[in-house]
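Engineer: To be precise about what I am sending: the file is called entry_4.cif and holds mmCIF, C-alpha atoms.
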```
data_my_file
#
loop_
_atom_site.label_atom_id
_atom_site.label_comp_id
_atom_site.auth_asym_id
_atom_site.auth_seq_id
_atom_site.Cartn_x
_atom_site.Cartn_y
_atom_site.Cartn_z
CA MET A 1 0.00 0.00 0.00
CA LYS A 2 1.19 3.53 -0.80
CA ILE A 3 0.56 5.97 2.04
CA MET A 4 1.16 9.72 2.04
CA ILE A 5 1.55 11.36 5.45
CA ILE A 6 1.32 15.14 5.73
CA GLY A 7 3.41 16.36 8.65
CA GLY A 8 6.65 14.91 9.97
CA GLY A 9 6.00 15.65 13.62
CA THR A 10 5.86 13.00 16.33
CA THR A 11 2.63 11.46 15.01
CA GLY A 12 3.64 11.38 11.35
CA PHE A 13 7.19 10.21 12.05
CA THR A 14 6.10 7.43 14.42
CA LEU A 15 3.39 6.28 12.02
CA ALA A 16 5.88 6.18 9.12
CA ASN A 17 8.31 4.02 11.09
CA LEU A 18 5.51 1.76 12.28
CA LEU A 19 4.20 1.13 8.77
CA GLY A 20 7.41 1.51 6.78
CA GLU A 21 8.35 -2.17 6.63
CA GLU A 22 5.06 -3.22 5.07
CA HIS A 23 4.06 -0.17 3.02
CA GLN A 24 5.52 2.51 0.78
CA ILE A 25 5.49 5.75 2.79
CA ILE A 26 5.82 9.36 1.63
CA ILE A 27 6.12 12.11 4.26
CA ILE A 28 5.52 15.76 3.36
CA GLU A 29 7.16 18.08 5.90
CA LYS A 30 7.20 21.87 5.61
CA ASP A 31 10.11 22.62 7.96
CA GLU A 32 13.41 22.15 6.11
CA GLU A 33 15.50 21.18 9.16
CA LYS A 34 12.90 18.74 10.42
CA ALA A 35 12.58 17.20 6.95
CA LYS A 36 16.35 16.62 6.81
CA ASP A 37 16.35 15.16 10.32
CA ILE A 38 13.56 12.64 9.77
CA ALA A 39 14.97 11.68 6.36
CA ASP A 40 17.98 10.27 8.22
CA LYS A 41 15.81 8.33 10.67
CA THR A 42 13.15 6.70 8.51
CA PRO A 43 13.05 4.55 5.36
CA ALA A 44 10.17 6.69 4.09
CA LEU A 45 10.56 9.09 1.19
CA VAL A 46 10.64 12.56 2.77
CA VAL A 47 9.60 15.55 0.66
CA GLN A 48 10.27 19.01 2.03
CA GLY A 49 7.48 21.43 1.24
CA ASP A 50 4.02 22.76 2.05
CA GLY A 51 1.52 19.92 2.33
CA SER A 52 -1.32 22.25 1.35
CA ASP A 53 0.36 23.08 -1.99
CA ILE A 54 -1.58 21.14 -4.62
CA SER A 55 1.32 21.24 -7.08
CA LEU A 56 3.68 19.71 -4.54
CA LEU A 57 1.18 17.02 -3.64
CA LYS A 58 0.71 16.09 -7.28
CA GLU A 59 4.46 16.03 -7.91
CA SER A 60 4.86 13.79 -4.86
CA GLY A 61 2.45 11.23 -6.28
CA LEU A 62 -0.90 12.15 -4.73
CA ALA A 63 -2.83 10.47 -7.55
CA GLU A 64 -1.20 7.11 -6.83
CA VAL A 65 -1.64 6.94 -3.05
CA ASP A 66 -3.96 4.42 -1.44
CA GLU A 67 -4.23 6.36 1.81
CA LEU A 68 -3.71 10.01 2.71
CA VAL A 69 -3.07 10.84 6.36
CA THR A 70 -2.82 14.47 7.46
CA THR A 71 -1.43 15.34 10.91
CA ALA A 72 -0.99 19.14 10.81
CA ASP A 73 -3.10 21.88 12.44
CA ASP A 74 -6.84 21.85 11.73
CA LYS A 75 -6.77 24.68 9.17
CA THR A 76 -4.05 22.99 7.16
CA ASN A 77 -5.64 19.57 7.54
CA LEU A 78 -8.94 20.91 6.22
CA MET A 79 -7.24 22.49 3.19
CA ILE A 80 -5.41 19.25 2.43
CA CYS A 81 -8.64 17.25 2.74
CA GLN A 82 -10.34 19.62 0.30
CA ILE A 83 -7.51 19.16 -2.19
CA ALA A 84 -7.59 15.39 -1.77
CA LYS A 85 -11.35 15.30 -2.30
CA SER A 86 -11.02 17.44 -5.45
CA GLU A 87 -8.43 14.96 -6.73
CA ASN A 88 -10.79 12.05 -6.03
CA ILE A 89 -8.70 10.54 -3.24
CA GLY A 90 -11.22 8.27 -1.56
CA ARG A 91 -9.35 7.16 1.54
CA ILE A 92 -8.43 10.07 3.81
CA ILE A 93 -7.61 10.09 7.52
CA SER A 94 -7.29 13.41 9.30
CA LEU A 95 -6.17 14.44 12.74
CA VAL A 96 -8.53 16.90 14.47
CA ASN A 97 -6.99 19.02 17.20
CA GLU A 98 -10.11 20.89 18.30
CA PRO A 99 -13.38 18.94 18.78
CA LYS A 100 -15.40 21.97 17.64
CA ASN A 101 -13.85 21.60 14.17
CA GLU A 102 -14.99 18.01 13.60
CA GLU A 103 -18.21 19.22 11.97
CA LEU A 104 -16.22 21.10 9.31
CA PHE A 105 -14.50 17.87 8.29
CA THR A 106 -17.68 15.78 8.29
CA LYS A 107 -19.47 18.38 6.13
CA LEU A 108 -16.64 17.97 3.66
CA GLY A 109 -17.25 14.23 3.69
CA ILE A 110 -14.23 13.30 5.82
CA ASN A 111 -15.50 10.76 8.33
CA ARG A 112 -12.26 9.01 9.25
CA LEU A 113 -11.17 11.44 11.95
CA VAL A 114 -8.79 11.00 14.86
CA SER A 115 -9.51 13.45 17.67
CA VAL A 116 -6.44 14.48 19.67
CA VAL A 117 -8.61 15.30 22.67
CA GLY A 118 -10.69 12.15 22.25
CA THR A 119 -7.58 9.99 22.06
CA ASN A 120 -6.15 11.53 25.23
CA VAL A 121 -9.43 11.17 27.05
CA THR A 122 -9.69 7.52 26.02
CA ALA A 123 -6.15 6.85 27.22
CA ILE A 124 -6.85 8.47 30.59
CA LYS A 125 -10.13 6.61 30.88
CA ARG A 126 -8.35 3.30 30.26
CA MET A 127 -5.90 4.10 33.04
CA LEU A 128 -8.73 4.92 35.42
CA TYR A 129 -10.11 1.44 34.84
CA GLN A 130 -6.68 -0.21 34.98
CA PHE A 131 -6.18 -2.97 37.52
CA GLU A 132 -3.01 -4.87 38.40
CA ASN A 133 -3.97 -7.98 36.40
CA VAL A 134 -6.14 -6.29 33.78
CA ARG A 135 -5.25 -4.68 30.47
CA ILE A 136 -7.90 -2.83 28.49
CA ILE A 137 -7.59 -3.69 24.80
CA ALA A 138 -10.42 -1.61 23.35
CA GLN A 139 -13.59 0.25 24.17
CA LEU A 140 -16.81 -0.10 22.20
CA GLY A 141 -19.54 2.44 21.56
CA GLU A 142 -19.18 5.46 23.81
CA GLY A 143 -17.17 3.44 26.31
CA GLU A 144 -20.09 1.32 27.52
CA MET A 145 -18.29 -1.92 26.66
CA GLN A 146 -14.71 -3.02 27.28
CA ILE A 147 -12.55 -5.70 25.72
CA VAL A 148 -9.99 -6.64 28.35
CA GLU A 149 -7.24 -9.14 29.10
CA ILE A 150 -7.43 -10.60 32.62
CA THR A 151 -5.09 -13.17 34.13
CA VAL A 152 -6.61 -15.93 36.26
CA SER A 153 -4.82 -15.91 39.62
CA ASP A 154 -4.48 -18.82 42.03
CA LYS A 155 -7.15 -17.15 44.19
CA SER A 156 -9.80 -17.25 41.48
CA SER A 157 -12.98 -19.21 42.12
CA LEU A 158 -13.19 -19.91 38.37
CA ILE A 159 -10.30 -22.40 38.35
CA GLY A 160 -11.68 -25.76 37.24
CA GLN A 161 -14.94 -24.16 36.10
CA GLU A 162 -16.37 -23.88 32.59
CA THR A 163 -15.94 -20.65 30.66
CA SER A 164 -19.41 -19.18 31.17
CA LEU A 165 -19.63 -15.89 33.05
CA ASN A 166 -22.65 -13.93 34.17
CA LYS A 167 -22.55 -10.38 32.73
CA ALA A 168 -19.45 -11.07 30.57
CA THR A 169 -18.22 -13.24 27.72
CA ILE A 170 -14.86 -15.01 27.51
CA SER A 171 -13.93 -14.77 23.84
CA ALA A 172 -10.52 -16.45 23.94
CA ILE A 173 -7.96 -17.99 26.27
CA TYR A 174 -4.20 -17.74 25.91
CA ARG A 175 -2.57 -20.68 27.69
CA GLY A 176 1.02 -21.86 27.50
CA GLY A 177 1.67 -20.20 24.17
CA GLU A 178 -1.56 -21.54 22.66
CA LEU A 179 -4.69 -19.60 21.70
CA ILE A 180 -7.88 -21.44 22.70
CA ILE A 181 -11.39 -20.59 21.52
CA PRO A 182 -13.62 -21.63 24.44
CA ARG A 183 -16.17 -24.40 24.04
CA LYS A 184 -18.77 -25.64 26.47
CA THR A 185 -16.33 -28.25 27.76
CA THR A 186 -13.36 -25.86 28.12
CA VAL A 187 -12.21 -25.48 31.73
CA ILE A 188 -10.39 -22.45 33.15
CA GLU A 189 -6.93 -23.01 34.62
CA LYS A 190 -4.65 -20.97 36.86
CA GLY A 191 -2.54 -18.54 34.83
CA ASP A 192 -4.91 -18.45 31.87
CA LEU A 193 -4.98 -15.10 30.09
CA LEU A 194 -8.63 -14.43 29.28
CA LEU A 195 -9.94 -12.10 26.58
CA VAL A 196 -13.19 -10.83 28.05
CA VAL A 197 -15.98 -8.64 26.67
CA VAL A 198 -17.78 -6.87 29.50
CA LYS A 199 -19.90 -3.81 30.19
CA THR A 200 -17.88 -1.05 31.81
CA GLU A 201 -20.26 -0.95 34.77
CA ASP A 202 -19.56 -4.64 35.44
CA LEU A 203 -15.77 -4.54 34.92
CA SER A 204 -14.83 -4.26 38.60
CA HIS A 205 -17.14 -7.11 39.53
CA ILE A 206 -15.86 -9.42 36.78
CA THR A 207 -12.25 -8.54 37.60
CA ARG A 208 -12.73 -9.56 41.23
CA ILE A 209 -14.26 -12.87 40.19
CA ILE A 210 -11.44 -13.74 37.78
CA THR A 211 -8.56 -12.54 39.95
CA GLY A 212 -10.06 -13.52 43.29
CA GLU A 213 -9.11 -10.14 44.74
#
```
Since I need it in another form, could you write the structure as structure tokens?
Structural biologist:
Amino acid sequence: MKIMIIGGGTTGFTLANLLGEEHQIIIIEKDEEKAKDIADKTPALVVQGDGSDISLLKESGLAEVDELVTTADDKTNLMICQIAKSENIGRIISLVNEPKNEELFTKLGINRLVSVVGTNVTAIKRMLYQFENVRIIAQLGEGEMQIVEITVSDKSSLIGQETSLNKATISAIYRGGELIIPRKTTVIEKGDLLLVVVKTEDLSHITRIITGE
């Protein structure tokens, strides 16, 4: 896949390095010094210039990209999205720094938005629900549901029991390097890492049952 990233800041640079081994990455960075610096630290093709300049985007291969990701300020991101839409780029992801600006992007038809504030809030919320033996993998809806990893401790009353839980669902078990999809006859063992889907309001209760704490 060919991906163009507008902005070589922390987000763009990290994303390029994360995806660089599997995809062809182009980074557009306005600041000359920063462009030179990241060019030495990433396998991506780094182009120094203004990401809102349509001529530069075209010269950098905009028409051939499979994904366009823009990580600049909201004004610049909106301009780039408008250009991309005018050039019939169908797959666009944009960072939104101010929640009040999300409507401007959606009116333009950009629905794949990453809210800086929303991301930070989600991260903090995950930490608030963090327990010693629990790791939150994802949140569903508006945070009403959680997908979590919970380790079965030696204090758990579930050891030796089947994998049915009231108010939660065990979707998978990781045991001794093996991934197990639970069946009716599957029995929980000490040290099992459980992938559990649970309502947020029931997370504390389910955690206590599984960990025995």
Engineer: Find the residue from A:Val197, A:Ile80, A:Ile206, A:Ile181 that sits nearest to Thr169 in chain A; use only C-alpha atoms when measuring.
Structural biologist: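 Using only C-alpha atoms, the shortest distance to Thr169 in chain A belongs to A:Val197.
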Engineer: Range 177-180 of chain A: which residues within 12 Å, counting all atoms listed in the file, same-chain residues fewer than 2 positions away excluded, as a ChimeraX atom specification?
Structural biologist: /A:163,170-175,182-183,185-188,191-195
Engineer: With only C-alpha atoms as the basis for distance, which of A:Glu149, A:Gln161, A:His205, A:Val46 is at the shortest distance from Lys184 in chain A?
Structural biologist: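 Closest to Lys184 in chain A of all the choices is A:Gln161.
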Engineer: Give the padded box for range 2-6 of chain A as JSON: axis-aligned, covering all atoms listed in the file, 5 Å on each side, centre and edge lengths in Å to one decimal.
Structural biologist:
```
{"center_x": 1.1, "center_y": 9.3, "center_z": 2.5, "size_x": 11.0, "size_y": 21.6, "size_z": 16.5}
```
Engineer: Written as a compact mmCIF listing (two decimals) with C-alpha atoms, in the coordinates of the input, which residues does the PyMOL selection byres ((chain A and resi 22) around 12) give for the file shown?
Structural biologist:
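Result went into out36.txt, see below:
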```
# COMPACT_ATOMS: atom_id res chain seq x y z
CA MET A 1 0.00 0.00 0.00
CA LYS A 2 1.19 3.53 -0.80
CA ILE A 3 0.56 5.97 2.04
CA LEU A 15 3.39 6.28 12.02
CA ALA A 16 5.88 6.18 9.12
CA ASN A 17 8.31 4.02 11.09
CA LEU A 18 5.51 1.76 12.28
CA LEU A 19 4.20 1.13 8.77
CA GLY A 20 7.41 1.51 6.78
CA GLU A 21 8.35 -2.17 6.63
CA HIS A 23 4.06 -0.17 3.02
CA GLN A 24 5.52 2.51 0.78
CA ILE A 25 5.49 5.75 2.79
CA PRO A 43 13.05 4.55 5.36
CA ALA A 44 10.17 6.69 4.09
```
Engineer: Between CA of Leu68 in chain A and CA of Gly8 in chain A, what is the spacing in Å?
Structural biologist: 13.6 Å
Engineer: Within 12 Å of Gly90 in chain A, counting all atoms listed in the file, which residues qualify if same-chain residues fewer than 5 places away don't, as a PyMOL selection string?
Structural biologist: chain A and resi 62-69+81-85+109-112
Engineer: Determine the residue membership of the PyMOL selection byres ((chain A and resi 6) around 6) for the file above and supply it as a list in words.
Structural biologist: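 Written out, the selection comes to Ile5, Gly7, Ile27, Ile28, Gly51, Thr70 and Thr71 of chain A.
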Engineer: Of the residues A:Ser115, A:Lys36, A:Glu29, A:Met145, which is the one nearest to Gln48 in chain A, using all atoms listed in the file?
Structural biologist: A:Glu29
Engineer: Go through A:Leu113, A:Ala138, A:Ala35, A:Ala168 and flag the residue nearest Ile93 in chain A, using all atoms listed in the file for the distances.
Structural biologist: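 Selected residue with least distance to Ile93 in chain A: A:Leu113.
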Engineer: Have a look at A:Leu104, A:Val198, A:Ile209, A:Leu45 and name the one nearest to Thr151 in chain A; count only C-alpha atoms.
Structural biologist: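 For Thr151 in chain A, the nearest of the candidates is A:Ile209.
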Engineer: What is the distance between CA of Leu56 in chain A and CA of Asn97 in chain A, in Å to one decimal?
Structural biologist: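 Atom-to-atom, CA of Leu56 in chain A to CA of Asn97 in chain A, that is 24.2 Å.
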Engineer: Which is closest to Gln146 in chain A among A:Leu203, A:Val117, A:Ile159, A:Ile92, if we use all atoms listed in the file?
Structural biologist: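 The shortest atom-to-atom distance to Gln146 in chain A comes from A:Leu203.
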Engineer: What does the distance from CA of Ser94 in chain A to CA of Val114 in chain A come to in Å, to one decimal?
Structural biologist: 6.2 Å
